[in-house]
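Engineer: Coordinates in model.cif, mmCIF, C-alpha atoms, are listed below.
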```cif
data_work
loop_
_atom_site.label_atom_id
_atom_site.label_comp_id
_atom_site.auth_asym_id
_atom_site.auth_seq_id
_atom_site.Cartn_x
_atom_site.Cartn_y
_atom_site.Cartn_z
CA MET A 1 -22.28 16.82 34.72
CA ALA A 2 -20.14 15.45 31.86
CA ALA A 3 -19.73 11.69 31.59
CA GLU A 4 -16.38 10.20 32.48
CA PRO A 5 -14.15 9.42 29.48
CA GLU A 6 -13.92 5.74 28.60
CA PHE A 7 -10.12 5.75 28.75
CA ARG A 8 -8.12 7.38 31.50
CA LYS A 9 -4.70 6.86 29.91
CA ILE A 10 -3.62 5.70 26.45
CA VAL A 11 -0.03 5.03 25.40
CA ILE A 12 0.83 5.25 21.72
CA PHE A 13 4.00 3.96 20.10
CA GLY A 14 4.34 5.90 16.85
CA VAL A 15 2.64 9.30 16.96
CA GLY A 16 2.53 9.94 13.23
CA LEU A 17 -0.50 9.88 10.93
CA ILE A 18 -2.06 6.66 12.24
CA GLY A 19 -1.27 6.92 15.94
CA GLY A 20 -1.66 10.68 16.06
CA SER A 21 -5.06 10.61 14.36
CA PHE A 22 -6.22 7.93 16.81
CA ALA A 23 -5.23 10.22 19.70
CA LEU A 24 -6.86 13.30 18.21
CA ALA A 25 -10.09 11.45 17.43
CA LEU A 26 -10.45 10.15 20.99
CA LYS A 27 -9.64 13.59 22.37
CA ALA A 28 -12.23 15.19 20.10
CA ALA A 29 -14.79 12.66 21.33
CA GLY A 30 -13.89 13.43 24.93
CA GLN A 31 -13.04 9.78 25.59
CA VAL A 32 -9.47 9.99 26.88
CA GLU A 33 -7.93 11.96 29.75
CA GLU A 34 -4.24 11.57 28.90
CA VAL A 35 -2.24 10.42 25.87
CA VAL A 36 1.42 9.51 26.28
CA GLY A 37 3.55 9.08 23.18
CA PHE A 38 6.72 7.23 22.23
CA GLY A 39 8.55 7.76 18.94
CA ARG A 40 11.82 7.43 17.07
CA SER A 41 13.03 10.98 17.59
CA LEU A 42 12.79 13.66 20.23
CA GLY A 43 11.94 16.22 17.55
CA SER A 44 8.85 14.35 16.33
CA LEU A 45 7.64 13.84 19.90
CA LYS A 46 8.08 17.52 20.73
CA GLN A 47 6.12 18.40 17.61
CA ALA A 48 3.34 16.02 18.66
CA VAL A 49 3.16 17.72 22.07
CA ASP A 50 3.18 21.21 20.53
CA LEU A 51 0.34 20.24 18.17
CA GLY A 52 -1.71 18.77 20.99
CA VAL A 53 -1.58 15.28 19.51
CA ILE A 54 -0.18 13.86 22.75
CA ASP A 55 -0.12 15.30 26.23
CA ARG A 56 3.43 14.32 27.07
CA MET A 57 6.38 12.27 25.88
CA GLY A 58 7.01 8.92 27.47
CA VAL A 59 10.41 8.14 28.97
CA ASN A 60 10.11 4.70 30.56
CA ALA A 61 7.94 2.41 28.43
CA GLY A 62 7.41 -0.19 31.15
CA GLN A 63 6.33 2.38 33.68
CA GLU A 64 3.93 4.09 31.29
CA VAL A 65 2.14 0.95 30.06
CA SER A 66 1.79 -0.51 33.56
CA ASP A 67 -1.13 1.78 34.44
CA ALA A 68 -2.47 2.42 30.93
CA ASP A 69 -5.97 1.44 29.86
CA LEU A 70 -4.97 0.96 26.23
CA VAL A 71 -1.69 0.73 24.32
CA LEU A 72 -1.64 1.27 20.53
CA LEU A 73 1.27 0.09 18.38
CA ALA A 74 1.20 2.42 15.38
CA THR A 75 4.73 1.70 14.17
CA PRO A 76 5.82 -0.23 11.08
CA VAL A 77 5.02 -3.93 11.51
CA ALA A 78 8.70 -4.89 11.61
CA GLN A 79 9.19 -2.82 14.78
CA MET A 80 6.30 -4.35 16.71
CA PRO A 81 7.97 -7.57 17.99
CA GLU A 82 10.71 -5.60 19.76
CA ILE A 83 8.18 -3.24 21.36
CA MET A 84 6.00 -6.16 22.47
CA ALA A 85 8.96 -7.90 24.08
CA ARG A 86 9.96 -4.68 25.86
CA ILE A 87 6.55 -3.95 27.39
CA ALA A 88 5.30 -7.52 27.99
CA PRO A 89 6.57 -7.79 31.61
CA TYR A 90 4.80 -4.56 32.57
CA LEU A 91 1.33 -5.09 31.09
CA SER A 92 -1.19 -5.10 33.94
CA GLU A 93 -4.47 -7.00 34.05
CA ARG A 94 -6.33 -3.80 33.11
CA THR A 95 -4.16 -2.89 30.10
CA LEU A 96 -5.32 -3.75 26.60
CA LEU A 97 -2.98 -3.77 23.61
CA THR A 98 -3.92 -3.20 19.96
CA ASP A 99 -2.10 -2.25 16.77
CA GLY A 100 -2.54 -0.55 13.41
CA GLY A 101 -0.48 -2.89 11.24
CA SER A 102 -1.54 -3.76 7.69
CA THR A 103 -0.64 -7.46 8.07
CA LYS A 104 -1.99 -9.61 10.82
CA ALA A 105 -0.72 -13.22 10.85
CA ASP A 106 2.89 -12.12 11.38
CA VAL A 107 1.92 -9.63 14.09
CA VAL A 108 -0.16 -12.28 15.87
CA ALA A 109 2.76 -14.73 15.68
CA ALA A 110 5.03 -12.09 17.20
CA ALA A 111 2.50 -11.42 19.96
CA ARG A 112 2.27 -15.09 20.86
CA ALA A 113 6.07 -15.35 20.90
CA THR A 114 6.67 -12.26 23.06
CA LEU A 115 3.62 -11.57 25.23
CA GLY A 116 3.33 -14.95 26.89
CA GLY A 117 0.28 -15.11 29.14
CA ALA A 118 -0.65 -11.52 28.26
CA VAL A 119 -1.42 -12.41 24.61
CA GLY A 120 -5.12 -12.55 25.50
CA ARG A 121 -5.07 -8.79 26.09
CA PHE A 122 -3.82 -8.12 22.54
CA VAL A 123 -6.67 -7.38 20.10
CA PRO A 124 -5.18 -6.91 16.60
CA ALA A 125 -6.61 -4.21 14.34
CA HIS A 126 -6.02 -2.72 10.89
CA PRO A 127 -7.42 0.76 10.14
CA ILE A 128 -8.06 1.14 6.40
CA ALA A 129 -7.27 4.83 6.19
CA GLY A 130 -4.38 7.02 5.21
CA ALA A 131 -3.29 10.27 3.62
CA GLU A 132 -0.54 11.58 1.35
CA ASN A 133 1.54 13.00 4.20
CA SER A 134 3.01 11.43 7.31
CA GLY A 135 4.16 12.48 10.75
CA ALA A 136 2.41 14.17 13.65
CA ALA A 137 1.69 17.26 11.55
CA ALA A 138 -0.45 15.14 9.20
CA ALA A 139 -2.59 13.68 12.01
CA ARG A 140 -6.22 14.74 12.08
CA ALA A 141 -9.22 13.90 14.20
CA ASP A 142 -11.45 12.86 11.28
CA LEU A 143 -9.05 10.45 9.55
CA TYR A 144 -11.05 7.37 10.56
CA ARG A 145 -14.52 8.83 10.18
CA GLU A 146 -16.62 6.48 8.01
CA LYS A 147 -13.50 4.41 7.28
CA LYS A 148 -13.21 0.67 7.82
CA VAL A 149 -11.24 -0.81 10.68
CA VAL A 150 -10.74 -4.57 10.65
CA LEU A 151 -10.40 -6.33 14.00
CA THR A 152 -8.88 -9.83 13.98
CA PRO A 153 -9.67 -11.15 17.49
CA LEU A 154 -7.73 -14.06 18.93
CA ALA A 155 -9.14 -17.18 20.54
CA GLU A 156 -7.49 -16.00 23.76
CA ASN A 157 -9.36 -12.66 23.79
CA ALA A 158 -12.14 -12.05 26.28
CA VAL A 159 -15.36 -10.82 24.69
CA LEU A 160 -15.36 -7.66 26.81
CA ASP A 161 -11.77 -6.85 25.80
CA VAL A 162 -12.64 -7.08 22.11
CA ALA A 163 -15.68 -4.92 22.74
CA ARG A 164 -13.57 -2.25 24.44
CA VAL A 165 -11.05 -2.07 21.58
CA ARG A 166 -13.99 -1.95 19.17
CA SER A 167 -15.41 0.93 21.19
CA ALA A 168 -12.15 2.89 20.94
CA TRP A 169 -12.20 2.71 17.15
CA GLU A 170 -15.92 3.47 17.04
CA TRP A 171 -15.29 6.64 19.06
CA CYS A 172 -12.91 7.56 16.21
CA GLY A 173 -15.87 7.32 13.82
CA ALA A 174 -14.79 4.06 12.17
CA GLN A 175 -16.92 1.24 10.78
CA ILE A 176 -15.78 -1.98 12.44
CA HIS A 177 -15.44 -5.35 10.70
CA GLU A 178 -14.05 -8.64 11.99
CA LEU A 179 -11.97 -11.29 10.21
CA THR A 180 -9.57 -13.97 11.33
CA PRO A 181 -5.91 -12.93 10.96
CA GLU A 182 -5.47 -15.46 8.13
CA ALA A 183 -8.57 -14.31 6.24
CA HIS A 184 -7.48 -10.69 6.66
CA ASP A 185 -4.11 -11.38 5.07
CA ARG A 186 -5.64 -13.33 2.17
CA VAL A 187 -8.08 -10.52 1.45
CA PHE A 188 -5.53 -7.74 1.56
CA ALA A 189 -2.93 -9.69 -0.38
CA ALA A 190 -5.51 -10.01 -3.14
CA VAL A 191 -6.68 -6.40 -3.18
CA SER A 192 -3.18 -4.97 -2.72
CA HIS A 193 -0.80 -7.20 -4.69
CA LEU A 194 -3.00 -8.57 -7.49
CA PRO A 195 -3.62 -5.10 -9.02
CA HIS A 196 0.14 -4.60 -9.22
CA LEU A 197 0.54 -7.97 -10.93
CA LEU A 198 -2.13 -7.12 -13.49
CA SER A 199 -0.64 -3.68 -14.08
CA PHE A 200 2.84 -4.84 -14.99
CA ALA A 201 1.42 -7.76 -17.00
CA LEU A 202 -0.44 -5.20 -19.07
CA VAL A 203 2.53 -2.92 -19.73
CA HIS A 204 4.81 -5.88 -20.51
CA ASP A 205 2.49 -6.99 -23.28
CA LEU A 206 2.74 -3.54 -24.86
CA ALA A 207 6.19 -4.52 -26.04
CA VAL A 208 6.02 -8.26 -26.79
CA ARG A 209 2.93 -8.84 -28.96
CA GLU A 210 4.12 -9.06 -32.55
CA ASP A 211 0.71 -9.39 -34.22
CA ARG A 212 -1.05 -6.66 -32.30
CA ASP A 213 -2.07 -4.78 -35.47
CA LEU A 214 -4.13 -7.79 -36.53
CA PHE A 215 -5.94 -7.76 -33.19
CA PHE A 216 -6.43 -4.00 -33.33
CA SER A 217 -8.13 -4.25 -36.71
CA PHE A 218 -10.91 -6.38 -35.20
CA ALA A 219 -11.03 -4.64 -31.82
CA ALA A 220 -14.35 -2.87 -32.39
CA SER A 221 -16.15 -6.02 -31.29
CA THR A 222 -14.90 -5.46 -27.73
CA ARG A 223 -15.62 -1.76 -27.44
CA PRO A 224 -15.56 0.58 -25.66
CA LEU A 225 -12.44 -0.55 -23.83
CA SER A 226 -10.83 -2.69 -26.52
CA ARG A 227 -10.17 -0.87 -29.76
CA PRO A 228 -7.37 1.10 -31.42
CA ALA A 229 -7.51 4.45 -29.76
CA ARG A 230 -6.35 7.99 -29.66
CA ARG A 231 -6.84 8.13 -25.93
CA THR A 232 -7.56 11.09 -23.73
CA ALA A 233 -7.32 10.41 -20.00
CA ARG A 234 -7.01 12.56 -16.94
CA CYS A 235 -5.17 11.97 -13.71
CA PRO A 236 -7.40 13.85 -13.03
CA ALA A 237 -6.56 14.75 -16.66
CA ALA A 238 -4.04 12.95 -18.88
CA GLN A 239 -4.23 13.81 -22.59
CA ARG A 240 -2.92 11.40 -25.19
CA ARG A 241 -1.20 13.32 -27.98
CA ARG A 242 -0.84 10.36 -30.30
CA ALA A 243 -2.45 6.98 -30.76
CA ALA A 244 -1.41 4.49 -28.11
CA ARG A 245 -2.21 0.81 -28.25
CA THR A 246 -2.48 -1.46 -25.26
CA ASP A 247 -3.11 -5.17 -25.39
CA PHE A 248 -3.40 -8.06 -22.95
CA ARG A 249 -2.15 -11.48 -23.87
CA ARG A 250 -4.74 -14.07 -22.91
CA ARG A 251 -5.19 -17.81 -22.83
CA PRO A 252 -6.43 -19.18 -26.22
CA HIS A 253 -9.85 -20.00 -24.81
CA GLY A 254 -9.73 -17.74 -21.76
CA SER A 255 -12.81 -15.76 -20.92
CA PRO A 256 -12.54 -13.74 -17.70
CA ARG A 257 -12.67 -16.20 -14.82
CA LEU A 258 -10.89 -17.24 -11.64
CA GLY A 259 -9.59 -20.78 -11.39
CA ARG A 260 -10.99 -23.19 -8.76
CA ASP A 261 -13.09 -20.58 -6.96
CA SER A 262 -14.76 -18.14 -9.30
CA ASN A 263 -15.98 -15.93 -6.44
CA PRO A 264 -13.05 -13.95 -4.98
CA THR A 265 -15.09 -12.92 -1.96
CA SER A 266 -16.05 -16.41 -0.90
CA ALA A 267 -14.81 -17.88 2.34
CA GLY A 268 -12.06 -19.91 0.65
CA LEU A 269 -10.45 -16.93 -1.08
CA THR A 270 -8.53 -19.40 -3.25
CA MET A 271 -7.27 -18.77 -6.78
CA ASP A 272 -5.20 -21.17 -8.87
CA PHE A 273 -5.19 -18.87 -11.89
CA LEU A 274 -6.82 -15.80 -13.36
CA ASP A 275 -7.84 -15.69 -17.02
CA LEU A 276 -7.89 -12.18 -18.46
CA PRO A 277 -10.01 -10.96 -21.39
CA PRO A 278 -8.29 -9.27 -24.36
CA LEU A 279 -7.77 -5.55 -23.84
CA MET A 280 -6.48 -4.03 -27.07
CA ALA A 281 -6.63 -0.31 -26.37
CA ALA A 282 -8.61 2.39 -24.63
CA GLN A 283 -10.29 5.56 -25.81
CA GLY A 284 -12.01 8.47 -24.18
CA THR A 285 -11.59 10.68 -21.13
CA VAL A 286 -11.04 9.23 -17.68
CA ARG A 287 -11.25 11.46 -14.62
CA LEU A 288 -9.60 10.02 -11.56
CA PRO A 289 -9.38 11.17 -7.93
CA GLY A 290 -6.08 12.45 -6.59
CA SER A 291 -4.02 9.41 -5.65
CA LYS A 292 -0.30 8.80 -5.53
CA SER A 293 -0.90 5.17 -6.49
CA ILE A 294 -2.95 6.07 -9.58
CA SER A 295 -0.58 8.91 -10.47
CA ASN A 296 2.41 6.56 -10.46
CA ARG A 297 0.62 3.92 -12.53
CA VAL A 298 -0.37 6.53 -15.12
CA LEU A 299 3.21 7.84 -15.23
CA LEU A 300 4.49 4.30 -15.75
CA LEU A 301 1.96 3.52 -18.47
CA ALA A 302 2.76 6.78 -20.25
CA ALA A 303 6.49 5.98 -20.06
CA LEU A 304 6.02 2.52 -21.58
CA ALA A 305 3.53 3.55 -24.27
CA GLU A 306 4.41 4.86 -27.73
CA GLY A 307 4.14 8.57 -28.45
CA GLU A 308 3.62 11.48 -26.10
CA THR A 309 1.24 11.73 -23.17
CA GLU A 310 0.30 14.90 -21.32
CA LEU A 311 -0.58 14.41 -17.68
CA ARG A 312 -2.48 17.23 -16.05
CA ASP A 313 -3.18 17.79 -12.34
CA LEU A 314 -0.75 15.03 -11.36
CA LEU A 315 -0.80 14.57 -7.60
CA GLU A 316 2.30 16.13 -6.11
CA SER A 317 3.83 13.82 -3.48
CA ASP A 318 7.15 12.24 -2.56
CA ASP A 319 6.00 9.02 -4.26
CA THR A 320 5.36 10.71 -7.60
CA ALA A 321 8.59 12.70 -7.32
CA ARG A 322 10.55 9.46 -6.83
CA MET A 323 8.78 7.88 -9.81
CA LEU A 324 9.58 10.88 -12.01
CA ASP A 325 13.24 10.74 -10.99
CA ALA A 326 13.42 7.01 -11.70
CA LEU A 327 11.76 7.32 -15.12
CA ARG A 328 14.18 10.07 -16.14
CA ALA A 329 17.11 7.91 -15.00
CA LEU A 330 15.72 5.04 -17.10
CA GLY A 331 15.86 7.24 -20.20
CA VAL A 332 12.24 8.36 -20.38
CA GLY A 333 11.69 11.91 -21.60
CA VAL A 334 9.75 13.82 -18.94
CA GLU A 335 9.09 17.53 -19.37
CA GLY A 336 7.52 19.66 -16.66
CA LEU A 337 4.86 22.00 -18.08
CA GLY A 338 4.04 23.82 -14.85
CA ASP A 339 0.87 23.76 -12.75
CA HIS A 340 1.23 20.02 -11.98
CA ALA A 341 1.37 19.07 -15.67
CA TYR A 342 3.97 16.90 -17.43
CA ARG A 343 4.67 15.68 -20.95
CA VAL A 344 5.98 12.12 -21.09
CA ARG A 345 7.65 10.73 -24.22
CA GLY A 346 7.07 7.00 -24.16
CA VAL A 347 9.79 4.46 -24.91
CA GLY A 348 7.59 1.88 -26.63
CA GLY A 349 7.96 -0.73 -23.93
CA ARG A 350 11.75 -0.81 -23.65
CA PHE A 351 13.74 1.42 -21.34
CA PRO A 352 16.93 2.77 -22.98
CA VAL A 353 18.88 2.40 -19.72
CA ARG A 354 19.40 -1.28 -18.89
CA GLU A 355 21.46 -0.94 -15.71
CA GLY A 356 21.21 1.33 -12.71
CA SER A 357 20.60 1.84 -9.02
CA PHE A 358 17.54 3.78 -7.90
CA PHE A 359 16.92 5.31 -4.48
CA LEU A 360 13.16 5.54 -3.89
CA GLY A 361 13.02 6.98 -0.38
CA ASN A 362 9.87 5.76 1.37
CA ALA A 363 7.77 5.78 -1.82
CA GLY A 364 5.96 2.46 -1.56
CA THR A 365 3.75 2.94 -4.63
CA ALA A 366 6.77 3.76 -6.78
CA TYR A 367 8.81 0.89 -5.33
CA ARG A 368 6.20 -1.79 -5.96
CA SER A 369 5.23 -0.63 -9.45
CA LEU A 370 8.83 -0.32 -10.57
CA THR A 371 9.71 -3.71 -9.10
CA GLY A 372 7.09 -5.35 -11.29
CA VAL A 373 7.99 -3.52 -14.48
CA LEU A 374 11.77 -3.71 -14.08
CA ALA A 375 11.54 -7.45 -13.40
CA LEU A 376 10.28 -7.74 -16.98
CA ALA A 377 12.66 -5.18 -18.51
CA SER A 378 15.67 -7.45 -19.23
CA GLY A 379 18.01 -5.17 -17.27
CA HIS A 380 20.12 -5.17 -14.13
CA TYR A 381 18.74 -2.82 -11.48
CA THR A 382 19.03 -2.18 -7.75
CA LEU A 383 16.15 -0.60 -5.81
CA THR A 384 16.86 0.90 -2.38
CA GLY A 385 15.14 3.29 0.01
CA VAL A 386 15.22 4.84 3.44
CA PRO A 387 15.44 2.49 6.47
CA ARG A 388 11.68 2.61 6.91
CA MET A 389 11.20 1.36 3.33
CA HIS A 390 13.41 -1.61 4.18
CA GLU A 391 10.89 -2.52 6.90
CA ARG A 392 7.94 -2.70 4.48
CA PRO A 393 7.18 -6.26 3.33
CA ILE A 394 7.35 -7.01 -0.40
CA GLY A 395 7.68 -10.79 -0.31
CA ASP A 396 4.26 -11.56 -1.83
CA LEU A 397 5.02 -9.46 -4.91
CA VAL A 398 8.51 -10.94 -5.32
CA ASP A 399 7.13 -14.47 -4.96
CA ALA A 400 4.54 -13.81 -7.67
CA LEU A 401 7.19 -12.41 -10.02
CA ARG A 402 9.52 -15.32 -9.40
CA GLN A 403 6.75 -17.72 -10.37
CA ILE A 404 6.76 -16.25 -13.88
CA GLY A 405 10.55 -16.38 -14.13
CA ALA A 406 11.79 -13.09 -12.67
CA ASP A 407 15.31 -13.05 -11.19
CA ILE A 408 15.07 -10.98 -8.00
CA ALA A 409 17.37 -11.16 -4.98
CA TYR A 410 16.95 -9.66 -1.51
CA LEU A 411 19.95 -7.54 -0.48
CA GLY A 412 18.92 -7.47 3.19
CA ASN A 413 16.24 -9.35 5.08
CA THR A 414 14.25 -11.93 3.15
CA GLY A 415 10.86 -10.55 2.16
CA TYR A 416 11.90 -6.89 2.41
CA PRO A 417 13.73 -4.28 0.29
CA PRO A 418 16.34 -3.50 -0.92
CA LEU A 419 16.19 -5.62 -4.07
CA GLU A 420 18.50 -6.56 -6.91
CA ILE A 421 16.75 -7.31 -10.22
CA ARG A 422 18.73 -9.20 -12.86
CA PRO A 423 17.89 -9.94 -16.50
CA ALA A 424 15.53 -12.87 -16.89
CA ARG A 425 13.81 -14.70 -19.69
CA ILE A 426 10.11 -14.42 -19.09
#
```
Would you mind writing the structure in this file as structure tokens?
Structural biologist:
Amino acid sequence: MAAEPEFRKIVIFGVGLIGGSFALALKAAGQVEEVVGFGRSLGSLKQAVDLGVIDRMGVNAGQEVSDADLVLLATPVAQMPEIMARIAPYLSERTLLTDGGSTKADVVAAARATLGGAVGRFVPAHPIAGAENSGAAAARADLYREKKVVLTPLAENAVLDVARVRSAWEWCGAQIHELTPEAHDRVFAAVSHLPHLLSFALVHDLAVREDRDLFFSFAASTRPLSRPARRTARCPAAQRRRAARTDFRRRPHGSPRLGRDSNPTSAGLTMDFLDLPPLMAAQGTVRLPGSKSISNRVLLLAALAEGETELRDLLESDDTARMLDALRALGVGVEGLGDHAYRVRGVGGRFPVREGSFFLGNAGTAYRSLTGVLALASGHYTLTGVPRMHERPIGDLVDALRQIGADIAYLGNTGYPPLEIRPARI
């Protein structure tokens, strides 16, 4: 006789990639009897039913959550407070609530403000998994297998409630870790936003170092990564047609080190400054996995470099398509060669077009990378997107850019796109 499933009924708000994959994984494990879904459109919910992601569409949120074992909020973070407020009066003593948001302190604050006495039944979570596509059609049962899920339990949580939410994610095949909400946000701010900061710092210095030839002539002492180069790279294959030189400005006596706390994984997670070593140029062949984030960075570097770059096997996605459109609008020569290959004619660090408005859809990797580079481009630009893009936080990146002199204004809600970028002296 088969064992009873752990969850009789699960309600999911947002039945796209994250929520839909959660449902499919629990179904595949035989650990849920019924999955009820809520979403933004009737069409997406019907598709989720047709694909077997959910068993039926929800109509009355209060009624559905009142007898649910588990409720998952898999919507954008900005939508969660309204959903919490709507379902709070109907959460029963047996119903647990969790989420899939990528930030935690703000979600926890919203939970405490809206859930009242039921906040103890909210166990925050962040699944570290994703894919290039979105929507119910992209959901798959193995998305979380061997992937990390970070739980950020609250002081109000009962031990058994945390254990049950942990069990749900473990049935999905995930590896569970625990952090406080504050530690979670410090960690992911560092691993998400700092690479963007370093990336646009690098490409900015392509244009501003006047004595780079002197540095290049002595660059052999820092090989293999720091020397004048005729570079061949792949994304998975990007071929440099002509010599390209890349250099990092550094502090006069700055060896690579982090200020105050030289261990970025220590409990404090505190950095006052980051000293960067000199990186003059790169040479060789680099093979990279398919990634929209890496693809967009390579496109941006090729656009800002001197000479021509051939990019082969570029990942085809909406993010890379938006980046290609934006680079063309900025005056970069981009030629499609067929079979996912492009030839990019670099502008030597200065975009010919100094004013424009760019619609970037929901392409987060393109939006963030372009924000950093355009903030340093001495032009006047507006970056917009679809409504969902305007719900994705970008405040940490804007704050970092403002600290080095960037002139960036929010055109909607503070901390979120759309943005206006004005010329600044940096």
Engineer: Can you translate the PyMOL selection byres ((chain A and resi 30) around 12) into the concrete residues it hits in this file, as a PyMOL selection string?
Structural biologist: chain A and resi 2-8+23-29+31-34+141+168+171-172
Engineer: As a ChimeraX atom specification, please: the residues near Gly395 in chain A (cut-off 7 Å, all atoms listed in the file, same-chain neighbours under 4 positions excluded).
Structural biologist: /A:399,415-416
Engineer: Taking all atoms listed in the file into account, name the residue in A:Glu355, A:Gly135, A:Glu156, A:Pro127 that is nearest to Gln175 in chain A.
Structural biologist: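 Once distances to Gln175 in chain A are computed over all atoms listed in the file, the minimum belongs to A:Pro127.
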Engineer: Using Å and a single decimal, report how far CA of Gly173 in chain A sits from CA of Tyr144 in chain A.
Structural biologist: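 Distance between the two atoms: 5.8 Å.
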Engineer: Using all atoms listed in the file, pick whichever of A:Arg94, A:His380, A:Lys104, A:Arg368 has the shortest atom-to-atom distance to Leu397 in chain A.
Structural biologist: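 Nearest candidate to Leu397 in chain A out of A:Arg94, A:His380, A:Lys104, A:Arg368: A:Arg368.
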Engineer: Within 9 Å of range 66-78 of chain A, counting all atoms listed in the file, which residues qualify if same-chain residues fewer than 2 places away don't, as a PyMOL selection string?
Structural biologist: chain A and resi 7-20+22+39+61-64+80-84+87+89-92+94-103+106-107+165+388+391-393
Engineer: Could you check the closest approach to Arg350 in chain A for each of A:Gly333, A:Ala303, A:Glu308, A:Leu324 and tell me which residue wins, using only C-alpha atoms?
Structural biologist: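 So, comparing all the options, the nearest one is A:Ala303.
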Engineer: Around range 19-35 of chain A, fit a box with edges along x, y and z, padding it by 4 Å on each side, then list its centre and edge lengths in Å to one decimal as AutoDock Vina command-line options.
Structural biologist:
```
--center_x -8.0 --center_y 11.1 --center_z 22.1 --size_x 21.5 --size_y 16.3 --size_z 23.4
```
Engineer: Excluding Thr414 in chain A and any residue of its chain fewer than 3 positions from it, enumerate the residues within 10 Å of it, using all atoms listed in the file, and give them as a list in words.
Structural biologist: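 Those residues are Pro393, Ile394, Gly395, Ala409, Tyr410, Leu411, Pro417, Pro418 and Leu419 of chain A.
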Engineer: Which residues match the PyMOL selection byres ((chain A and resi 161) around 10) in the file above, as a VMD selection string?
Structural biologist: chain A and resid 94 to 97 120 to 123 153 157 to 160 162 to 167
Engineer: So that I have them on file, write out the residues from the current selection with C-alpha atoms, as a CSV table (one decimal), keeping the file's coordinate frame.
Structural biologist:
```csv
chain,number,residue,atom,x,y,z
A,94,ARG,CA,-6.3,-3.8,33.1
A,95,THR,CA,-4.2,-2.9,30.1
A,96,LEU,CA,-5.3,-3.8,26.6
A,97,LEU,CA,-3.0,-3.8,23.6
A,120,GLY,CA,-5.1,-12.6,25.5
A,121,ARG,CA,-5.1,-8.8,26.1
A,122,PHE,CA,-3.8,-8.1,22.5
A,123,VAL,CA,-6.7,-7.4,20.1
A,153,PRO,CA,-9.7,-11.2,17.5
A,157,ASN,CA,-9.4,-12.7,23.8
A,158,ALA,CA,-12.1,-12.0,26.3
A,159,VAL,CA,-15.4,-10.8,24.7
A,160,LEU,CA,-15.4,-7.7,26.8
A,162,VAL,CA,-12.6,-7.1,22.1
A,163,ALA,CA,-15.7,-4.9,22.7
A,164,ARG,CA,-13.6,-2.2,24.4
A,165,VAL,CA,-11.0,-2.1,21.6
A,166,ARG,CA,-14.0,-2.0,19.2
A,167,SER,CA,-15.4,0.9,21.2
```
Engineer: With distances taken over all atoms listed in the file, which of A:Ser369, A:Asp55, A:Phe359, A:Val65 is nearest to Arg297 in chain A?
Structural biologist: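 Closest to Arg297 in chain A of all the choices is A:Ser369.
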